[in-house]
Structure formats: structure tokens, C-alpha cells
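Step one of this worksheet: look at the structure below.
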Amino acid sequence: MKHLLSTKNLTRDQAIEILDTADRMADVGQQSVKKLPALRGRTVVNLFFEDSTRTRISFETAAKRLSADVINFSAKGSSVSKGESLKDTAQTLMAMEADAVVIRHGASGAPQQLATTGWIDAAVLNAGDGKHEHPTQALLDAMTLREHRSKLAGTATTGTGLDGMHVVIAGDILHSRVARSNMWLLNTLGARVTFVAPPTLLPVGVEHWPARIVFDLDQALAQNPDAVMLLRVQRERMHAAFFPSEAEYARWWGLTPERLAALDAAGATTAIMHPGPMNRGLEISSVAADSPRSTVLRQVANGVSVRMACLYLLLTGDNSAAQVL
Amino acid sequence: MSEYVENPTQGGPQSAGGLSRRILAAADIDRALTRIAHEILESNRGAQDLVLLGIPRRGYPLAQRLATKLASIDSFDPATSLGQLDVTMYRDDLRRNPSRVPWPTVMPQRGIDDSTVVLVDDVLSSGRTIRAALDALTELGRPGVVRLAVLVDRGHRELPIRADFVGKNLPTAAREKVKVRLTEIDGCPQDADAVDEVVIVG
Amino acid sequence: MSQDPQQATAVDTGSWLVCQANVLGETVTDLLIVDGVITQMGTELSDENATVIDASHQIALPGLVDIHTHLREPGREDAETVETGTRAAAKGGYTAVFAMANSNPVADTAGVVEQVWGLGRAAGWTQVQPIGAVTVGLEGKNLSEIGAMAESRAQVRVFSDDGKCVHDPLLMRRALEYVKTFDGVVAQHAQEPRLTEDAQMNEGSVSADLGLAGWPAVAEESIIARDVLLAQHVGSRVHICHLSTKGSVELVRWAKQRGIDVTAEVTPHHLLLTDELVRTFDPVFKVNPPLRTDEDVAAVRAAVADGTIDVVGTDHAPHPREDKECEWSCAAMGMTGLETALSVVHHTLVETGAISWRDVARIMSQTPAQIGRLEGQGRPLEVGEPANIVLFDPAAVTTVDPEKHASKGRNSPYKGLTLPGSVRATFFKGHPVVLDGELMRPHPAAR
């Protein structure tokens, strides 16, 4: 494994290898010394063309727990606005002898370009590109789902997929890289995916995706899925006529207190997930966000473990037979 | 004791065509562990403050077996004093070998501070695994004494490290491989005698 | 006029004997060219003053005419100039190109079109016929000086805002009406702007996967539907640039059945490439209209075969390296095409049996010249006709290397691809601007 660009091309074995490694990394978080020497002397660059303090901090923590040197390179606006090109930035990082580049970019495909153009020789880790993919988010969600099931069933997580699980993902599918990465990975790991969204926020071509599409959140929740994941809705979408009003969005596609109560009444074991940051009162009500079902904070913690696992697996081992994921 | 057998099926492609020489059979392994158990108790003057940490993969089942023997001889409690120490993340060859998924590290319930920790591994060779284990140990606590028990010492040390308890000293050529097979990992439990063995391949 | 002493004789007499050429893939014959005109055809011709060109096993076609070329000059000489663009055209077998109006300044006045026309004459590699903008600055608000351009020395007959759509229906109606004055035509870039805001690629299953904003087929088709109805209503003719979808084919077919005076063009790349290539995120595949699906490719090929699509136009759109060496969403749209068009048509339409070489002459020379009312081009290969001729070796095999292209643009989507056939010679008004596949000298009348 040389790069992590998407979940679409991740095999089941590779995904489970990452998740098992992440479980071990989580153990380290419990130790008094939360640090491993595995990446001592290696340089990880966080190259962020978009602001995302949460994701950057998560990667930074992960790299530091593995003893890597971390350089934060905030390049917001510099490329897209025709300043320094992605190529020049990449070559600058290569001159600095970066071993891994964690890239967040507003343009779909930028990480893949970095990995395939030969501009840089480092491992490339996609930390979210445009509306394309966000593989570590999907992996941390899978880790959270594995934990959720193992806690309920009292079984071990190691070596297992998500076979037979049902995950409802609700919200702005059209603009969501989280939805895409989750869909591919959940399918690879044997889970079933249902997308719930207003038709305006589903892409054309969605019928080719391995996901069931419904417009009615109540109908999807009535099946007592193992988890419901709410996607952040950008408020500015409303002005582009994707939906008429915030109130209507919340009423039809938000996890309202009423819908939470219905889950409780049905005795469902549904976990409530959100990639953050949340719009309380829009896609998720406060009472849902703060309920015991919520795994939001577990997701944040698992994010560090998953990113440690990815950095560890990308930066160790013999990559002469490089593989692009 | 050393007999020539056909290449065992588990040998796989890396030992293709080579003959393997069995060095220890199941009964030999059991006798060696019994002896090591006695030696540990002797050097520690009993089971007090004794902790066993097996190094995955095959060091851990050996540690389990030792723990059972210690418990039968003295007042050793495997439930609180047996653990597993993974050293993957502390290795110095992470960039040379294929990435591997780390094994869990399981600390014994009683902790390791001020205890006598006996590290248990199957084969001692370069000493690099034990170097990594010592590093890992320092981040988990501060034992009073650290000892090392191995089933086989095959030589070829690259670091100033030696074992305190050795099942069998086995002079080998560098090109030879020492393989340890244990029922817990390599076989089905009903068939213990058939699986446990130490062989030299190549 | 500069002259190479060794070629002085041939240039002065302008006598060339092309032997054993397979005219339109139908008749093997010799052609004698004297002073820019085909003077004799037949077997075993001889002329002791003529330079003999062995054209055995080569297809002879009338010089190609590209109804849709971006020469970039004036304004983007870093991307292409009239000189480099027409060199590329000559190497591709073209003896005339229509230069699109989206230069800087925009070709919306007689001054700019005369400049481009003059640069073409001075270069001497191929005829350059400017296209005028429909609206001032391509802004879609006010009609440009259409009449002045039509009566300028450039004699502009084709008007287009290509790159942008004339989306205002009333303005489009007026333009269609106005060009009737001089038998002109409006060439529409069919793209409904609101439906394609920030569009990056074809809207479909690939755009769904990649999370790139989609350019839906309906944005093209709705404009075509509107414009053929407008053309019918005002009794004018309309040309559809770079038609790319199956639905567009059906609309044009319907319009032609109703007797509407519409012509349609397809690019070589839409005959061969699909949006699956976008998965590479290599901006060389970013183009407007975007690469579509297999189904669309099959539909446009069939439409060329049955005559629904009238011409192949390259939409040759060179870009400097830096405009393509960037993120997909920042990259410029467009591909080069002049030097590969005939091979792509050979590969996609002739080798597949969809059309004959006679059809190639029709769609790449005769009809484009007729649409643009360009005299002296697109003529049959007959005695007395102007000697605009391309000789094409269909059996040659070429691996496309953009670094070797005469165009300044290196943005060929066929890079590394092996395509059949090779242009061996191009005669422009009786003068070989290309021989043995290499550029020679410009036409002696130039400069």
C-alpha cells in the first residue's frame, strides 16, 4: 500500500487490516505514554487547501503519536486562485523530503493527481477531496460501527467486517465525499447502505450505486438500522434552490426529537453518527446529538486511531511493489 | 532425537524442496518448559512479584504454558500475572519488511511496576526483537528486574543481549531457518502431539 | 517571397505528378498538378518538368476543411498562433480552417477578422477563414458588427460565440434572421448556461462517483431543440457545433425530417473517447462539451454514417502546459485535434465499416466548405479543380506523441495511443506544404 486515495479501490482484506491496526492504535491511547516510535525520523506534511481544523488536528495527533515530525502547510486559496500551482507545492514538499503528504483539497481528484503525476515521491493520504472521497472518515465510521456491534454482541472486533449491518445515511448525498467513501467501504465490508435525501441532493447516476435510495427518513428508520448517519447540510444550499427552507429540511430529513423517540419506542439499537461539525436543529436535533445513542465522540477518538493505522501502514514496509488504493 | 523427515506441509514455498530436520518434538518442548519453569522459580526465589510477558505470536502460547506450569509448582496466578507484549511498533526494521498488523498488548492485571518480568519468546537470534521489547516495556511501566526466556537460542546475535532461560541451544547456519510450530497457533487442539515441534529448514 | 534554390524549379513551375494515388479509395490514378490546378488525371501520365510523388497505396482526398478551429491569435499567442496552428492543420491534411471568434480581442469587428485572415495568408500553410462573433465580446447581449465582417476582405459567412452559447432566444432569433442577408450561418455552441454552472464533466454515473459537477445532456439538447425550431420559424440555417449526445442526434434527425435547414458537427474525440477517462483526473480529458458515454459515442458514429451529422470538426483547442497541469476543476477545457483528426475518423468510422473514403471527403472537406460558403475548397478531385489534396497512408501506424506536434498545444487526449494512418502529403493550392509527412515550405504566394 503506497497511497490511500479512496475507499472504492480498497479490498476487504486491506480495509480489515487497517481496522485491526486501528484497534491496536486505540490501545495505545489507553497507555500512560501515548506514543509509539514507529515513525521516528519520518516527516508527515499536512497539506490543507481547505480549512478543516478538526481533520488536521486529528491527523496531526495521529502522526505525533507515531513519533513522526509534522509540518502543517496551509495552502488555502493559493492554488485554486492561480497562485502557486499544486505542482509547485508538491515539488516544494518533495524538496523538503516529506515521507507522507496528507492532502485536503476542494477539487475532486487532487490527491490522485499528486499520487500519479510523478511530481512527488511521498505517500499520499487523501484527507478529503472535493465531493469525491474522504477515505479516513469512512474508515473511522467503520471502526465505530464494528465497535458498536461488538459491544452489543459481546464479540471481538479483530478480523471482522460489517457483514449484515444496515446503515442509513441521510442528507446532502450530492455534495458529500463522506457519503461516497462510506458507501464503497460499507459495501466492501458487507454492510447494506440506504441513502435518504431530497431528490435535489442526490446525484444523477445514483442508480448505479450499491445503495438503496429512499426519500422518506421515517420509512428508512422503521427498519431499525444498526446506525443512522446524518450528513452536514450547508446552509447556503438553500439559496441554490436545493430545498425550500431550513424548517422544511429539518422536518423531513432531520433527526428530530420525534424520530429519536420513535427509535426508542421501537427498542432499536440504532447508533446515531455524524461526521461533524453538526448543525444542531437542522440535520440533527440537540436531543439526538446528545443521546446515549450518539457515537459522535467515539468517531472523533477513532479518527485518531484510524489515521495512525493508515500512516503506519503507508510508511512502513517495503513499498517497492507500490500499490495505489 | 534429530531425525530426518520429509518437508512438513506447513513449510510452504519458502522452504520448497528443502529437507527439514526436527530438533524438538512435542515431549521435548514440554520437558524444556518444565525445566525453564523450575529455573525461573529458582532464580526468583519463588513466584513472588513474578510476571510473564509473551511476545506474539509464538512467545505468548509458550508464556501461557509456562504460566500453567508455574501455577502447578508454586503460587503463581496466570489470571493476574500473565500478559502479552507486542513489539511491532518498536522494531527497527519497519521499513524493510512488509507492514504488519500489530498484535494487542495485554498488561497483566497486577501491573509490571517493580515486578520481575520474564519476557518469553520462541526463538532468540539477532536480539532485535528483545531490544524492541525492552523499549516497549519502558513505556508501559518500570519493572524491578527483566529476564528473558526462550525455547530456542539459535545464535547469530547482533546486539549485546542474552537469554536467562534457554530450552535448547541450537547452533545453526545463517541460511537455515528455525521454525517453531505450536498447537495453539499452527494446529487443531485435539492433535497436540502431532503439531508441537521445532525444526530446522534448509 | 523566400525561395530555396533547390526547390526553385518546382515552385516556379508548380508541376507535380502524383502517381498511383487511390482517389477516394475508389480509383487508382495519376494526377498532374500545374500552377495550382489539377490538369490531368489518368494512368501512366508523364511530365518531364514535374516532380514525381509516389502515392501508391495512399488514399487521395480533397484537402480537408475544418469548420471549427481555435487558432488563439490574437491574444493567446502562448497557446497557439496562426502560424503554428496552420502548420498543425497542414500536417493534419487540412487546406482550410475556420478560425473561431473567441480570441482576445474577440473577433467581433471587421478589423479583427481581417487581421486573422491576413495572418493566415501571410503564413501560407493553409487557408484561414475567420468566424465572426454573434455578439459583442461573446457576451450574449448585443449583436456584433455582423454585416461589416461579412463585407470585409475576410468575407465572413459563419458566426459563432463558440465557447459560449447564444442563450438569449430573442438574440438568437435576430442573429438567424440577420445572416440571411448574405447567406450566412449561425454556428451554435449548444449549452444552456444555468444548467451547466461550474460544470466539470458529463453528468452521469461517472460524475456521481467522482463528485464533479455535471454537464447534463439536456443542457445541450434543450438549446438544439429551441434553435432548430427558431431556424424553421425564421427560415434561416443553423449549424450545431460539436454535437455530443444521443439525444442531440435524435433532435437533429427529427429537424432534418421536417426540412429544417440544420447542419451538425461532431468532433473526433466525441467519436472515440468517453467520460470513463475522467476517472484518471488527467485534465487532458477535460473538454467542452464533455466526453460522454459509450451510448453517445455509438449514437454519433451512427449519425455520421446515416448523414444526420454532416461534418467532423476538430474543435482544436490548444492550451499552454500550465493550464492543464493543475487540478481538474481549475484546468482549461479543450483538446488539440488537427493533427490526429483524420486518423481518428479512419479508426472510428472507416475501419469499422460505417463510412467510405468518399464519405470522409464529404464530411471533412466538401460539406464543411459548403456550410461556410468557402469557394475553392472542398471541391472534387477532377481535372480543372484547384489542387487542394491530401494523401493519406491508411496502413501506417502512428503512436501519438504530442511533443512532436506542430501545434503549440501538447494537450492531445490521444497521447500514447496507437492510431491507424498517416498524412503523407498536403497540397495547398497546388503547392506541397507537407511531403513525406513532414512540413515543407509555405505556399509561395504567402508573405
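Here, A, B, ... name the chains of the C-alpha cells in the order displayed, residue numbers run from 1 inside each chain, and ligands are numbered from 1 in the same displayed order.
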
Within 7 Å of range 133-139 of chain A, counting only C-alpha atoms, which residues qualify if same-chain residues fewer than 6 places away don't, as a PDB file with C-alpha atoms, in the first residue's frame?
ATOM      1  CA  LEU A   5      -6.775   7.842  -2.149  1.00  0.00           C
ATOM      2  CA  SER A   6     -10.210   6.287  -1.969  1.00  0.00           C
ATOM      3  CA  THR A   7     -12.227   3.524  -0.397  1.00  0.00           C
ATOM      4  CA  ASN A 126      -6.463  11.734   0.935  1.00  0.00           C
ATOM      5  CA  ALA A 127      -7.960  13.784   3.759  1.00  0.00           C
ATOM      6  CA  ARG A 177     -17.473  12.888  -0.069  1.00  0.00           C
ATOM      7  CA  VAL A 178     -18.266  11.218   3.244  1.00  0.00           C
ATOM      8  CA  ARG A 180     -19.382   8.278  -1.235  1.00  0.00           C
ATOM      9  CA  SER A 181     -16.474   6.878   0.758  1.00  0.00           C
ATOM     10  CA  ASN A 182     -18.832   5.289   3.261  1.00  0.00           C
ATOM     11  CA  LEU A 185     -16.395   0.839   2.171  1.00  0.00           C
ATOM     12  CA  VAL A 306      -7.605   5.064  12.082  1.00  0.00           C
ATOM     13  CA  ARG A 307      -5.252   7.797  10.908  1.00  0.00           C
TER      14      ARG A 307
END

Which chain A residues are at most 8 Å from chain C (counting only C-alpha atoms), as a tab-separated table (two decimals) with C-alpha atoms, in the first residue's frame?
chain	number	residue	atom	x	y	z
A	80	VAL	CA	-7.22	27.48	-6.94
A	85	SER	CA	0.24	25.63	-8.52
A	86	LEU	CA	-0.37	22.22	-6.99
A	87	LYS	CA	2.64	21.05	-8.94
A	107	ALA	CA	-11.01	19.90	-6.03
A	108	SER	CA	-12.02	16.30	-6.62
A	109	GLY	CA	-9.04	14.26	-7.76
A	110	ALA	CA	-6.25	16.49	-6.43
A	112	GLN	CA	-4.90	11.27	-7.13
A	113	GLN	CA	-3.06	13.78	-9.30
A	130	GLY	CA	-13.90	17.98	-3.32
A	131	LYS	CA	-17.07	15.93	-3.41
A	132	HIS	CA	-15.14	12.78	-4.27
A	133	GLU	CA	-13.81	10.80	-1.32
A	174	LEU	CA	-24.86	15.05	-3.80
A	175	HIS	CA	-22.15	17.19	-2.27
A	176	SER	CA	-20.82	14.63	0.21
A	177	ARG	CA	-17.47	12.89	-0.07
A	180	ARG	CA	-19.38	8.28	-1.24
A	203	PRO	CA	-26.56	12.93	-7.96
A	204	VAL	CA	-27.73	11.86	-11.39
A	205	GLY	CA	-26.30	8.38	-11.89
A	206	VAL	CA	-27.11	7.34	-8.33
A	207	GLU	CA	-28.99	4.34	-9.69
A	208	HIS	CA	-25.66	2.70	-10.46

Select all residues from chain B having any atom no more than 6 Å from an atom of chain A (counting only C-alpha atoms, ignoring ligands), output as a PDB file with C-alpha atoms, in the first residue's frame.
ATOM      1  CA  MET B  89       5.821  -0.679  16.606  1.00  0.00           C
ATOM      2  CA  TYR B  90       9.218  -0.676  18.277  1.00  0.00           C
ATOM      3  CA  LEU B  94       9.746  -1.438   9.837  1.00  0.00           C
ATOM      4  CA  ARG B  95      10.886  -0.033   6.509  1.00  0.00           C
ATOM      5  CA  ARG B  96      12.461  -3.271   5.325  1.00  0.00           C
ATOM      6  CA  ASN B  97       9.738  -5.793   5.838  1.00  0.00           C
ATOM      7  CA  PRO B  98       6.129  -5.794   4.730  1.00  0.00           C
ATOM      8  CA  SER B  99       3.903  -3.791   7.055  1.00  0.00           C
ATOM      9  CA  VAL B 101      -0.764  -5.513  11.782  1.00  0.00           C
ATOM     10  CA  PRO B 104      -2.641  -6.490  21.103  1.00  0.00           C
ATOM     11  CA  GLU B 139       6.738   2.942  28.055  1.00  0.00           C
TER      12      GLU B 139
END

Checklist entry - Skipping near chain neighbours, those fewer than 3 positions away, what residues fall within 8 Å of Val199 in chain B using only C-alpha atoms, listed as a PyMOL selection string? => result chain B and resi 20-24+178-180

Checklist entry - Using only C-alpha atoms, which residues sit within 12 Å of Ala298 in chain C once same-chain residues fewer than 6 positions away are excluded, as a ChimeraX atom specification? => result /C:244-247,249,270-274,292,304-305,348-349,352,354

Writer output for current selection, C-alpha atoms, as a PDB file, in the first residue's frame:
ATOM      1  CA  SER C 244     -22.154  15.187 -28.373  1.00  0.00           C
ATOM      2  CA  THR C 245     -25.204  13.302 -27.176  1.00  0.00           C
ATOM      3  CA  LYS C 246     -27.570  10.640 -28.385  1.00  0.00           C
ATOM      4  CA  GLY C 247     -30.496  12.939 -27.662  1.00  0.00           C
ATOM      5  CA  VAL C 249     -28.682  13.229 -32.678  1.00  0.00           C
ATOM      6  CA  HIS C 270     -16.555  12.533 -29.258  1.00  0.00           C
ATOM      7  CA  LEU C 271     -16.303   9.732 -31.810  1.00  0.00           C
ATOM      8  CA  LEU C 272     -13.771   7.847 -29.725  1.00  0.00           C
ATOM      9  CA  LEU C 273     -13.440   8.829 -26.080  1.00  0.00           C
ATOM     10  CA  THR C 274     -15.832   8.531 -23.137  1.00  0.00           C
ATOM     11  CA  ARG C 292     -19.952  11.461 -22.951  1.00  0.00           C
ATOM     12  CA  VAL C 304     -22.337  10.327 -39.204  1.00  0.00           C
ATOM     13  CA  ALA C 305     -22.985   7.143 -41.136  1.00  0.00           C
ATOM     14  CA  THR C 348     -13.721   5.054 -35.684  1.00  0.00           C
ATOM     15  CA  LEU C 349     -15.668   5.245 -38.937  1.00  0.00           C
ATOM     16  CA  THR C 352     -15.430  -0.023 -38.592  1.00  0.00           C
ATOM     17  CA  ALA C 354     -19.520   2.779 -41.018  1.00  0.00           C
TER      18      ALA C 354
END

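Going from CA of Leu85 in chain B over to CA of Arg162 in chain B, you cover 18.6 Å.
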
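Each of C:Leu32, C:Val166, C:Gly147, C:Gly313 was checked against Glu48 in chain C using only C-alpha atoms; the smallest atom-to-atom distance is that of C:Leu32.
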
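CA of Ile272 in chain A sits 13.2 Å away from CA of Ala142 in chain A.
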
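For range 24-115 of chain B, backbone-based DSSP labels the following residues as strand (DSSP E or B): Leu24, Ala25, Leu50, Val51, Leu52, Leu53, Gly54, Leu82, Gly83, Gln84 and Val106 of chain B.
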
Can I get the selected residues back with N, CA and C atoms, as a CSV table (one decimal), in the first residue's frame?
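As a result, result_35.csv now contains:
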chain,number,residue,atom,x,y,z
B,24,LEU,N,13.2,-30.6,18.1
B,24,LEU,CA,12.5,-30.9,19.3
B,24,LEU,C,11.1,-31.4,18.9
B,25,ALA,N,10.7,-32.5,19.5
B,25,ALA,CA,9.3,-33.0,19.4
B,25,ALA,C,8.5,-32.4,20.5
B,50,LEU,N,6.3,-12.1,40.3
B,50,LEU,CA,6.7,-12.7,39.0
B,50,LEU,C,5.6,-12.3,38.0
B,51,VAL,N,6.1,-11.8,36.8
B,51,VAL,CA,5.1,-11.6,35.7
B,51,VAL,C,5.7,-12.2,34.5
B,52,LEU,N,4.9,-12.9,33.7
B,52,LEU,CA,5.3,-13.4,32.4
B,52,LEU,C,4.7,-12.6,31.3
B,53,LEU,N,5.5,-12.1,30.4
B,53,LEU,CA,5.0,-11.4,29.2
B,53,LEU,C,5.4,-12.2,27.9
B,54,GLY,N,4.5,-12.7,27.2
B,54,GLY,CA,4.8,-13.4,26.0
B,54,GLY,C,4.8,-12.5,24.8
B,82,LEU,N,0.0,-12.9,34.0
B,82,LEU,CA,0.4,-13.2,32.6
B,82,LEU,C,-0.1,-12.2,31.6
B,83,GLY,N,0.8,-11.7,30.7
B,83,GLY,CA,0.4,-10.7,29.8
B,83,GLY,C,1.0,-11.0,28.4
B,84,GLN,N,0.7,-10.1,27.5
B,84,GLN,CA,1.2,-10.2,26.1
B,84,GLN,C,1.8,-8.8,25.8
B,106,VAL,N,-1.4,-6.9,26.1
B,106,VAL,CA,-2.3,-7.1,27.2
B,106,VAL,C,-1.4,-7.0,28.5

Checklist entry - Between CA of Glu147 in chain A and CA of Thr188 in chain A, what is the spacing in Å? => result 17.5 Å

Next on the checklist: Which residues are near Ala317 in chain C? Cut-off 6 Å, only C-alpha atoms, ignore same chain within fewer than 6 positions. Put them as a list of chain:residue names.
Outcome noted: C:His70, C:Gly334, C:Met335, C:Thr336

Write the residues of the preceding selection, restricted to C-alpha atoms, as an mmCIF file, in the first residue's frame.
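Contents of selection33.cif, as written:
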data_model
loop_
_atom_site.group_PDB
_atom_site.id
_atom_site.type_symbol
_atom_site.label_atom_id
_atom_site.label_comp_id
_atom_site.auth_asym_id
_atom_site.auth_seq_id
_atom_site.Cartn_x
_atom_site.Cartn_y
_atom_site.Cartn_z
ATOM 1 C CA HIS C 70 -9.179 27.703 -32.311
ATOM 2 C CA GLY C 334 -10.178 21.693 -24.711
ATOM 3 C CA MET C 335 -8.021 19.306 -26.681
ATOM 4 C CA THR C 336 -5.844 19.589 -29.730
#

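Proximity ranking of B:Glu158, B:Asp86, B:Asp121, B:Glu197 relative to Leu182 in chain B places B:Glu197 first, based on only C-alpha atoms.
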